[in-house]
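File shown: data07.pdb. Contents: PDB, C-alpha atoms, pLDDT in the B column.
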```pdb
ATOM      1  CA  MET Y   5     130.168  91.980  78.245  1.00 59.00           C
ATOM      2  CA  LYS Y   6     131.106  88.725  76.475  1.00 62.00           C
ATOM      3  CA  ARG Y   7     128.521  86.904  78.572  1.00 63.00           C
ATOM      4  CA  LEU Y   8     125.800  89.393  77.663  1.00 57.00           C
ATOM      5  CA  THR Y   9     126.720  89.101  73.991  1.00 59.00           C
ATOM      6  CA  ALA Y  10     126.530  85.305  74.181  1.00 58.00           C
ATOM      7  CA  ILE Y  11     123.165  85.451  75.937  1.00 61.00           C
ATOM      8  CA  LEU Y  12     121.843  87.948  73.391  1.00 56.00           C
ATOM      9  CA  ALA Y  13     123.019  85.755  70.511  1.00 57.00           C
ATOM     10  CA  ALA Y  14     121.373  82.690  72.046  1.00 59.00           C
ATOM     11  CA  THR Y  15     118.140  84.595  72.549  1.00 58.00           C
ATOM     12  CA  LEU Y  16     118.146  85.861  68.980  1.00 55.00           C
ATOM     13  CA  LEU Y  17     118.605  82.291  67.807  1.00 56.00           C
ATOM     14  CA  LEU Y  18     115.641  81.201  69.908  1.00 56.00           C
ATOM     15  CA  ALA Y  19     113.623  84.101  68.552  1.00 56.00           C
ATOM     16  CA  ALA Y  20     114.523  83.083  65.012  1.00 54.00           C
ATOM     17  CA  LEU Y  21     113.352  79.566  65.738  1.00 51.00           C
ATOM     18  CA  GLY Y  22     110.099  81.026  66.989  1.00 53.00           C
ATOM     19  CA  VAL Y  23     109.704  83.082  63.822  1.00 48.00           C
ATOM     20  CA  GLY Y  24     110.307  79.949  61.797  1.00 49.00           C
ATOM     21  CA  ALA Y  25     107.858  77.966  63.871  1.00 47.00           C
ATOM     22  CA  GLN Y  26     105.110  80.442  63.035  1.00 47.00           C
ATOM     23  CA  ASP Y  27     105.372  79.365  59.388  1.00 47.00           C
ATOM     24  CA  ALA Y  28     105.742  75.682  60.265  1.00 44.00           C
ATOM     25  CA  PRO Y  29     102.610  74.327  58.554  1.00 45.00           C
ATOM     26  CA  LYS Y  30     103.745  75.838  55.256  1.00 44.00           C
ATOM     27  CA  ARG Y  31     107.197  74.260  55.572  1.00 44.00           C
ATOM     28  CA  GLU Y  32     105.817  70.813  56.376  1.00 39.00           C
ATOM     29  CA  ARG Y  33     104.369  70.342  52.916  1.00 38.00           C
ATOM     30  CA  GLY Y  34     107.764  69.296  51.553  1.00 41.00           C
ATOM     31  CA  GLY Y  35     108.253  66.621  54.218  1.00 44.00           C
ATOM     32  CA  GLY Y  36     112.026  67.029  54.402  1.00 53.00           C
ATOM     33  CA  ARG Y  37     111.806  70.539  55.763  1.00 60.00           C
ATOM     34  CA  ALA Y  38     110.924  69.118  59.158  1.00 68.00           C
ATOM     35  CA  LEU Y  39     114.594  68.202  59.527  1.00 73.00           C
ATOM     36  CA  GLY Y  40     115.250  71.699  60.824  1.00 73.00           C
ATOM     37  CA  MET Y  41     113.249  70.818  63.921  1.00 69.00           C
ATOM     38  CA  PHE Y  42     115.881  68.158  64.617  1.00 73.00           C
ATOM     39  CA  GLY Y  43     118.735  70.621  64.177  1.00 70.00           C
ATOM     40  CA  LEU Y  44     119.615  69.148  60.782  1.00 75.00           C
ATOM     41  CA  THR Y  45     120.369  71.170  57.685  1.00 75.00           C
ATOM     42  CA  PRO Y  46     118.920  70.390  54.259  1.00 75.00           C
ATOM     43  CA  GLN Y  47     122.428  69.340  53.217  1.00 79.00           C
ATOM     44  CA  ILE Y  48     122.459  66.651  55.910  1.00 81.00           C
ATOM     45  CA  GLY Y  49     119.039  65.536  54.764  1.00 75.00           C
ATOM     46  CA  GLU Y  50     120.413  65.150  51.248  1.00 80.00           C
ATOM     47  CA  LYS Y  51     123.379  63.119  52.531  1.00 85.00           C
ATOM     48  CA  LEU Y  52     121.004  60.845  54.430  1.00 86.00           C
ATOM     49  CA  LYS Y  53     119.110  60.243  51.170  1.00 86.00           C
ATOM     50  CA  LEU Y  54     115.810  60.041  52.997  1.00 84.00           C
ATOM     51  CA  THR Y  55     112.931  58.377  51.227  1.00 86.00           C
ATOM     52  CA  ASP Y  56     109.657  60.221  50.811  1.00 86.00           C
ATOM     53  CA  GLU Y  57     108.227  57.976  53.526  1.00 91.00           C
ATOM     54  CA  GLN Y  58     111.058  58.896  55.921  1.00 87.00           C
ATOM     55  CA  LYS Y  59     110.577  62.587  55.159  1.00 83.00           C
ATOM     56  CA  GLN Y  60     106.871  62.265  55.920  1.00 86.00           C
ATOM     57  CA  LYS Y  61     107.563  60.453  59.196  1.00 88.00           C
ATOM     58  CA  ALA Y  62     110.127  63.116  60.158  1.00 86.00           C
ATOM     59  CA  ALA Y  63     107.484  65.770  59.503  1.00 85.00           C
ATOM     60  CA  GLU Y  64     105.022  63.896  61.699  1.00 88.00           C
ATOM     61  CA  VAL Y  65     107.525  63.644  64.559  1.00 88.00           C
ATOM     62  CA  ALA Y  66     108.356  67.340  64.241  1.00 86.00           C
ATOM     63  CA  LYS Y  67     104.654  68.235  64.214  1.00 88.00           C
ATOM     64  CA  LYS Y  68     104.061  66.083  67.302  1.00 90.00           C
ATOM     65  CA  TYR Y  69     106.692  67.863  69.389  1.00 90.00           C
ATOM     66  CA  ARG Y  70     106.452  71.378  67.936  1.00 89.00           C
ATOM     67  CA  PRO Y  71     103.966  72.644  70.581  1.00 92.00           C
ATOM     68  CA  GLN Y  72     106.224  71.473  73.413  1.00 93.00           C
ATOM     69  CA  LEU Y  73     109.294  73.022  71.795  1.00 90.00           C
ATOM     70  CA  GLU Y  74     107.430  76.283  71.258  1.00 91.00           C
ATOM     71  CA  ASP Y  75     106.301  76.345  74.905  1.00 94.00           C
ATOM     72  CA  ILE Y  76     109.868  75.760  76.100  1.00 94.00           C
ATOM     73  CA  ARG Y  77     111.185  78.457  73.761  1.00 90.00           C
ATOM     74  CA  LYS Y  78     108.621  80.933  75.092  1.00 93.00           C
ATOM     75  CA  GLN Y  79     109.457  80.078  78.712  1.00 95.00           C
ATOM     76  CA  MET Y  80     113.184  80.473  78.051  1.00 94.00           C
ATOM     77  CA  LEU Y  81     112.695  83.801  76.332  1.00 92.00           C
ATOM     78  CA  GLU Y  82     110.406  85.073  79.100  1.00 93.00           C
ATOM     79  CA  GLU Y  83     112.921  84.064  81.774  1.00 95.00           C
ATOM     80  CA  PHE Y  84     115.783  85.597  79.806  1.00 94.00           C
ATOM     81  CA  ARG Y  85     113.878  88.867  79.379  1.00 93.00           C
ATOM     82  CA  GLY Y  86     113.461  88.879  83.170  1.00 95.00           C
ATOM     83  CA  ILE Y  87     117.195  89.410  83.640  1.00 96.00           C
ATOM     84  CA  LEU Y  88     117.416  92.274  81.138  1.00 95.00           C
ATOM     85  CA  ASN Y  89     117.056  95.938  81.907  1.00 96.00           C
ATOM     86  CA  ASP Y  90     114.655  98.111  79.897  1.00 95.00           C
ATOM     87  CA  GLU Y  91     117.324  99.256  77.442  1.00 96.00           C
ATOM     88  CA  GLN Y  92     118.423  95.676  76.798  1.00 95.00           C
ATOM     89  CA  LYS Y  93     114.823  94.580  76.284  1.00 95.00           C
ATOM     90  CA  LYS Y  94     114.370  97.345  73.700  1.00 95.00           C
ATOM     91  CA  THR Y  95     117.578  96.259  71.924  1.00 95.00           C
ATOM     92  CA  LEU Y  96     116.394  92.640  71.934  1.00 93.00           C
ATOM     93  CA  ASP Y  97     112.959  93.614  70.598  1.00 93.00           C
ATOM     94  CA  ASP Y  98     114.526  95.691  67.812  1.00 94.00           C
ATOM     95  CA  ALA Y  99     116.952  92.918  66.833  1.00 93.00           C
ATOM     96  CA  THR Y 100     114.185  90.314  66.889  1.00 90.00           C
ATOM     97  CA  GLU Y 101     111.964  92.479  64.692  1.00 94.00           C
ATOM     98  CA  GLN Y 102     114.793  93.030  62.207  1.00 94.00           C
ATOM     99  CA  MET Y 103     115.422  89.291  62.079  1.00 91.00           C
ATOM    100  CA  ARG Y 104     111.717  88.610  61.573  1.00 90.00           C
ATOM    101  CA  LYS Y 105     111.616  91.049  58.640  1.00 92.00           C
ATOM    102  CA  ARG Y 106     114.736  89.521  57.059  1.00 91.00           C
ATOM    103  CA  LEU Y 107     113.302  86.015  57.340  1.00 87.00           C
ATOM    104  CA  GLN Y 108     110.011  87.122  55.808  1.00 89.00           C
ATOM    105  CA  GLN Y 109     111.871  88.763  52.908  1.00 89.00           C
ATOM    106  CA  GLN Y 110     113.917  85.603  52.351  1.00 85.00           C
ATOM    107  CA  ARG Y 111     110.849  83.407  52.127  1.00 79.00           C
ATOM    108  CA  GLY Y 112     108.952  83.014  48.927  1.00 61.00           C
ATOM    109  CA  GLU Y 113     105.443  81.774  48.349  1.00 48.00           C
ATOM    110  CA  GLY Y 114     104.600  78.762  50.522  1.00 50.00           C
ATOM    111  CA  GLY Y 115     107.124  79.654  53.221  1.00 52.00           C
ATOM    112  CA  GLU Y 116     110.087  78.340  51.220  1.00 52.00           C
ATOM    113  CA  ARG Y 117     113.400  80.138  51.123  1.00 51.00           C
ATOM    114  CA  LYS Y 118     114.234  81.886  47.878  1.00 50.00           C
ATOM    115  CA  PRO Y 119     117.543  81.000  46.238  1.00 49.00           C
ATOM    116  CA  ALA Y 120     120.265  83.640  46.443  1.00 48.00           C
ATOM    117  CA  GLY Y 121     119.391  85.047  43.002  1.00 49.00           C
ATOM    118  CA  GLY Y 122     115.807  85.676  44.082  1.00 48.00           C
ATOM    119  CA  GLU Y 123     114.400  83.127  41.648  1.00 47.00           C
ATOM    120  CA  LYS Y 124     112.455  80.087  42.786  1.00 46.00           C
ATOM    121  CA  GLN Y 125     114.108  76.719  42.216  1.00 44.00           C
TER     122      GLN Y 125
END
```

When written as structure tokens, how does the structure in this file appear?
Amino acid sequence: MKRLTAILAATLLLAALGVGAQDAPKRERGGGRALGMFGLTPQIGEKLKLTDEQKQKAAEVAKKYRPQLEDIRKQMLEEFRGILNDEQKKTLDDATEQMRKRLQQQRGEGGERKPAGGEKQ
């Protein structure tokens, strides 16, 4: 059961990355938002004190590899779904859809996350 839970959590994370990747062109406009493709948080980006030029180059690198990452994510998810039974697939689909809706609600105009208070920064 613990193994199934871990696999489900990993798959949901991959699905969330896929949901985020669908909005990728919107996120690239800020340059620094590409850091997420490298597994870096905005806080780490702030600590690095990246220049605008570095942010732009990071966005270009992320854009270059995004199609490959998306293909790998899709292959992993397809293979993972192959080991699930029908009930588990339904649970995964429901959880993925809920996550997609939450992410869409959290994003404001331009694909940016809204601050906790719901106001744009």

Separation of CA of Asn89 (chain Y) from CA of Pro71 (chain Y), in Å and rounded to one decimal: 29.0 Å

If you measure from CA of Pro46 (chain Y) to CA of Lys78 (chain Y), what distance in Å do you get, rounded to one decimal? 25.5 Å

Please indicate the distance in Å from CA of Phe84 (chain Y) to CA of Leu96 (chain Y), rounded to one decimal place.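 Computing it gives 10.6 Å between the two atoms.
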
Closest of Y:Asp75, Y:Lys105, Y:Leu39, Y:Ala99 to Gln60 (chain Y) - atom-to-atom distances counting all atoms listed in the file: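 Looking at the shortest contact to Gln60 (chain Y), the residue is Y:Leu39.
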